[in-house]
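Student: My questions all concern the structure below.
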Amino acid sequence: MRGRQPRDPPRPAPARAYHRRVPDPRPDDVTPSAAATTVPDLAGPLLPWYLAARRDLPWRAPDATPWGVLVSEFMLQQTQVDRVLPRWHAWLDAWPTPADLAAALAGDAIRAWGRLGYPRRAVWLHAAALQIVERHGGRVPDDLDALLALRGVGNYTARAVLVFAFGQRHPVVDTNIRRVLARAVDGVAAPGPPNARRDLAAMARVLPRDAGRARQFTWAIMELGALVCTARTPACDRCPITDRCRWLLLGRPATTSRPARRQARYEGSDRQARGRIMARLRAATTPLTEDALIAGAPDATQARRALASLVRDGLAVRAEAAEASQTRPSGARPGDGADEPHPCWRLP
DNA sequence: AAGGCGGGGTA
DNA sequence: TACCCAGCCTT
């Protein structure tokens with residue numbers, strides 16, 4: 001048998017899965033070596049272009065608070081700027097500080113999230129606000145590990161807050177940056193599979209030394225990916241770095257790598273079933289029976305499965321019996337019998 | 001490493 | 001229709 005010795009005593013699991021967290025690149029990863037030759041100067045042409053072409057976004061304004069930046073990053077996870085803007089304003093009007101959100105019900109956050117999609121993000125942002133109050137006195141932390149320990153904050157969001165809210169110099173990599181670097185530096189049409197450590201090192205290689213310029217450069221390269229160097233039809237005729245983009249200089253070769261995993265069709269999916277239930281929960285002012293939640297669903301089994309998954313995600317909770325008064329048969333009283341024929345559900 | 005998770009806009 | 005989007009979490 002294996003001689004497992006007590007020299008390796010079991011230790012309590014960390015509160016968060018730090019093993020998945022990726023540290024900033026070490027200088028060794030960034031310093032040009034024999035393998036990593038010179039990289040093009042992207043900041044030179046990109047910064048002036050950005051100053052002229054940038055969108056006027058409120059979370060980039062000088063008066064944006066770290067909390068406002070954090071809220072924007074949550075909302076922008078897989079959701080486009082135009083859809084986020086109105087919800088971001090309403091959110092900060094309602095909850096200008098983490099403490100304001102922490103004092104609210106998660107259900108109010110879910111309602112304010114509206115149809116932005118992935119409503120778990122609203123639950124996570126609410127949980128993060130509670131953590132910010134409990135651990136950091138209500139101030140958004142300006143430390144990488146502290147940010148990564150917040151619910152719903154991953155490698156992108158944590159560094160985005162450090163850079164955009166606090167002006168620190170860190171590499172940041174999102175889907176736009178991955179694509180621009182794949183084309184401009186690697187000379188390929190599309191980035192390979194995401195690899196946080198490698199992607200961060202690639203960004204670190206082109207990041208200006210000065211923290212202020214690095215911040216502007218990060219905004220700039222993301223803006224380029226969003227407005228010019230787009231996934232489908234890049235507008236190279238409007239690109240400020242055509243003289244040094246390796247992909248363009250190679251003649252824009254088609255991608256050779258396997259396309260990224262596709263998302264399953266939405267029509268008829270469990271996601272759609274969840275979305276329908278969430279719409280009813282958001283609209284309801286009193287708890288709803290399961291029958292009311294799944295009425296009209298094309299697949300009742302799927303709808304019940306969706307409701308169960310929403311409960312697991314903290315997006316729906318069982319209502320207390322007293323709250324569901326309208327569903328109780330007349331004459332019945334709380335505690336009558338052991339049966340509870342009409343379980344009810346509401347937002348948390 | 002892969003799969004689940006919204007929903008709207010665009011080609 | 002299929003693809004895309006300022007990702008994160010779980011398994």
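Identifiers in the structure tokens: chain A, B, ... in order shown; residue index from 1 per chain; ligand index from 1 in order shown.
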Once you count only C-alpha atoms (C1' of nucleotides), what closest atom pair and distance in Å to one decimal does each residue of chain A within 12 Å of chain B have, with rows by chain and rising residue number, as a Markdown table?
Tutor:
| residue | atom | partner | partner_atom | distance |
| --- | --- | --- | --- | --- |
| A:Gln77 | CA | B:DG6 | C1' | 11.5 |
| A:Gln78 | CA | B:DG6 | C1' | 9.5 |
| A:Thr79 | CA | B:DG7 | C1' | 9.0 |
| A:Gln80 | CA | B:DG8 | C1' | 9.1 |
| A:Val81 | CA | B:DG9 | C1' | 11.6 |
| A:Asp82 | CA | B:DG9 | C1' | 10.1 |
| A:Arg83 | CA | B:DG8 | C1' | 8.4 |
| A:Val84 | CA | B:DG8 | C1' | 11.6 |
| A:Trp113 | CA | B:DG6 | C1' | 11.5 |
| A:Gly114 | CA | B:DG6 | C1' | 10.6 |
| A:Arg115 | CA | B:DG7 | C1' | 7.0 |
| A:Leu116 | CA | B:DG7 | C1' | 7.0 |
| A:Gly117 | CA | B:DG6 | C1' | 3.7 |
| A:Tyr118 | CA | B:DG6 | C1' | 5.0 |
| A:Pro119 | CA | B:DG6 | C1' | 7.6 |
| A:Arg120 | CA | B:DC5 | C1' | 8.3 |
| A:Arg121 | CA | B:DC5 | C1' | 10.1 |
| A:Pro193 | CA | B:DA1 | C1' | 10.3 |
| A:Pro194 | CA | B:DA1 | C1' | 10.7 |
| A:Asn195 | CA | B:DA1 | C1' | 10.9 |
| A:Ala231 | CA | B:DT10 | C1' | 11.8 |
| A:Arg232 | CA | B:DA11 | C1' | 8.4 |
| A:Thr233 | CA | B:DA11 | C1' | 9.1 |
| A:Ala260 | CA | B:DA2 | C1' | 11.6 |
| A:Arg261 | CA | B:DA2 | C1' | 9.3 |
| A:Arg262 | CA | B:DG3 | C1' | 10.7 |
| A:Gln263 | CA | B:DG3 | C1' | 9.5 |
| A:Ala264 | CA | B:DG4 | C1' | 10.0 |
| A:Arg265 | CA | B:DG6 | C1' | 11.9 |
| A:Tyr266 | CA | B:DG6 | C1' | 8.9 |
| A:Glu267 | CA | B:DG7 | C1' | 11.1 |
| A:Ser269 | CA | B:DG6 | C1' | 10.9 |
| A:Asp270 | CA | B:DC5 | C1' | 9.4 |
| A:Arg271 | CA | B:DG6 | C1' | 6.9 |
| A:Gln272 | CA | B:DG6 | C1' | 7.6 |
| A:Ala273 | CA | B:DG6 | C1' | 10.5 |
| A:Arg274 | CA | B:DG6 | C1' | 8.9 |
| A:Gly275 | CA | B:DG6 | C1' | 6.9 |
| A:Arg276 | CA | B:DG6 | C1' | 10.4 |
| A:Met278 | CA | B:DG6 | C1' | 10.5 |
| A:Ala279 | CA | B:DG6 | C1' | 11.3 |
| A:Ala306 | CA | B:DC5 | C1' | 11.5 |
| A:Ser309 | CA | B:DC5 | C1' | 10.6 |
| A:Leu310 | CA | B:DC5 | C1' | 10.7 |
| A:Asp313 | CA | B:DC5 | C1' | 10.3 |
Student: Listing only residues of chain C within 9 Å of chain A, what is the closest atom pair and its distance in Å (to one decimal) for each, using only C-alpha atoms (C1' of nucleotides), sorted by chain and residue number ascending, as JSON lines?
Tutor:
{"residue": "C:DC3", "atom": "C1'", "partner": "A:Arg232", "partner_atom": "CA", "distance": 8.2}
{"residue": "C:DC4", "atom": "C1'", "partner": "A:Ala231", "partner_atom": "CA", "distance": 7.5}
{"residue": "C:DC5", "atom": "C1'", "partner": "A:Gln78", "partner_atom": "CA", "distance": 4.9}
{"residue": "C:DA6", "atom": "C1'", "partner": "A:Leu76", "partner_atom": "CA", "distance": 5.2}
{"residue": "C:DG7", "atom": "C1'", "partner": "A:Gln77", "partner_atom": "CA", "distance": 5.2}
{"residue": "C:DC8", "atom": "C1'", "partner": "A:Gly152", "partner_atom": "CA", "distance": 6.1}
{"residue": "C:DC9", "atom": "C1'", "partner": "A:Gly152", "partner_atom": "CA", "distance": 8.1}
Student: Give me, please, the distance in Å between atom CA of His136 of chain A and atom CA of Pro62 of chain A, quoted to one decimal.
Tutor: 23.1 Å
Student: Extract, using only C-alpha atoms (C1' of nucleotides), all DNA, RNA and protein residues at most 9 Å from segment 38-54 of chain A, discarding same-chain residues fewer than 2 positions from it, and format them as number ranges by chain.
Tutor: A: 32-33, 36, 56-57, 184-185, 205-208, 213-214, 216-217, 219-221, 223-224, 239-241, 244-246
Student: Could you turn the residues from that selection into a file that holds C-alpha atoms, as a tab-separated table (two decimals), in the first residue's frame?
Tutor:
chain	number	residue	atom	x	y	z
A	32	PRO	CA	11.94	38.85	-24.19
A	33	SER	CA	13.90	35.63	-24.45
A	36	ALA	CA	9.89	35.58	-27.47
A	56	ASP	CA	-17.91	57.92	-24.00
A	57	LEU	CA	-18.71	55.29	-21.37
A	184	ALA	CA	-1.45	41.65	-34.57
A	185	VAL	CA	1.26	39.65	-32.77
A	205	ARG	CA	4.72	41.84	-23.34
A	206	VAL	CA	2.95	44.68	-25.13
A	207	LEU	CA	1.87	46.61	-22.03
A	208	PRO	CA	3.45	50.07	-21.63
A	213	ARG	CA	-0.31	54.55	-20.24
A	214	ALA	CA	-0.93	50.88	-19.53
A	216	GLN	CA	-5.14	53.78	-21.51
A	217	PHE	CA	-3.62	51.06	-23.65
A	219	TRP	CA	-8.95	50.49	-22.84
A	220	ALA	CA	-7.59	51.16	-26.31
A	221	ILE	CA	-6.92	47.57	-27.32
A	223	GLU	CA	-11.94	49.31	-27.92
A	224	LEU	CA	-10.09	48.29	-31.07
A	239	CYS	CA	-7.40	50.13	-38.29
A	240	PRO	CA	-4.61	52.27	-36.83
A	241	ILE	CA	-2.03	49.46	-36.71
A	244	ARG	CA	2.49	46.38	-37.99
A	245	CYS	CA	-0.31	43.84	-37.80
A	246	ARG	CA	1.28	40.51	-38.53
Student: So which one's closest to Leu144 of chain A, A:Arg312, A:Arg111, A:His126, A:Arg159? Using only C-alpha atoms, please.
Tutor: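 Closest candidate: A:Arg159.
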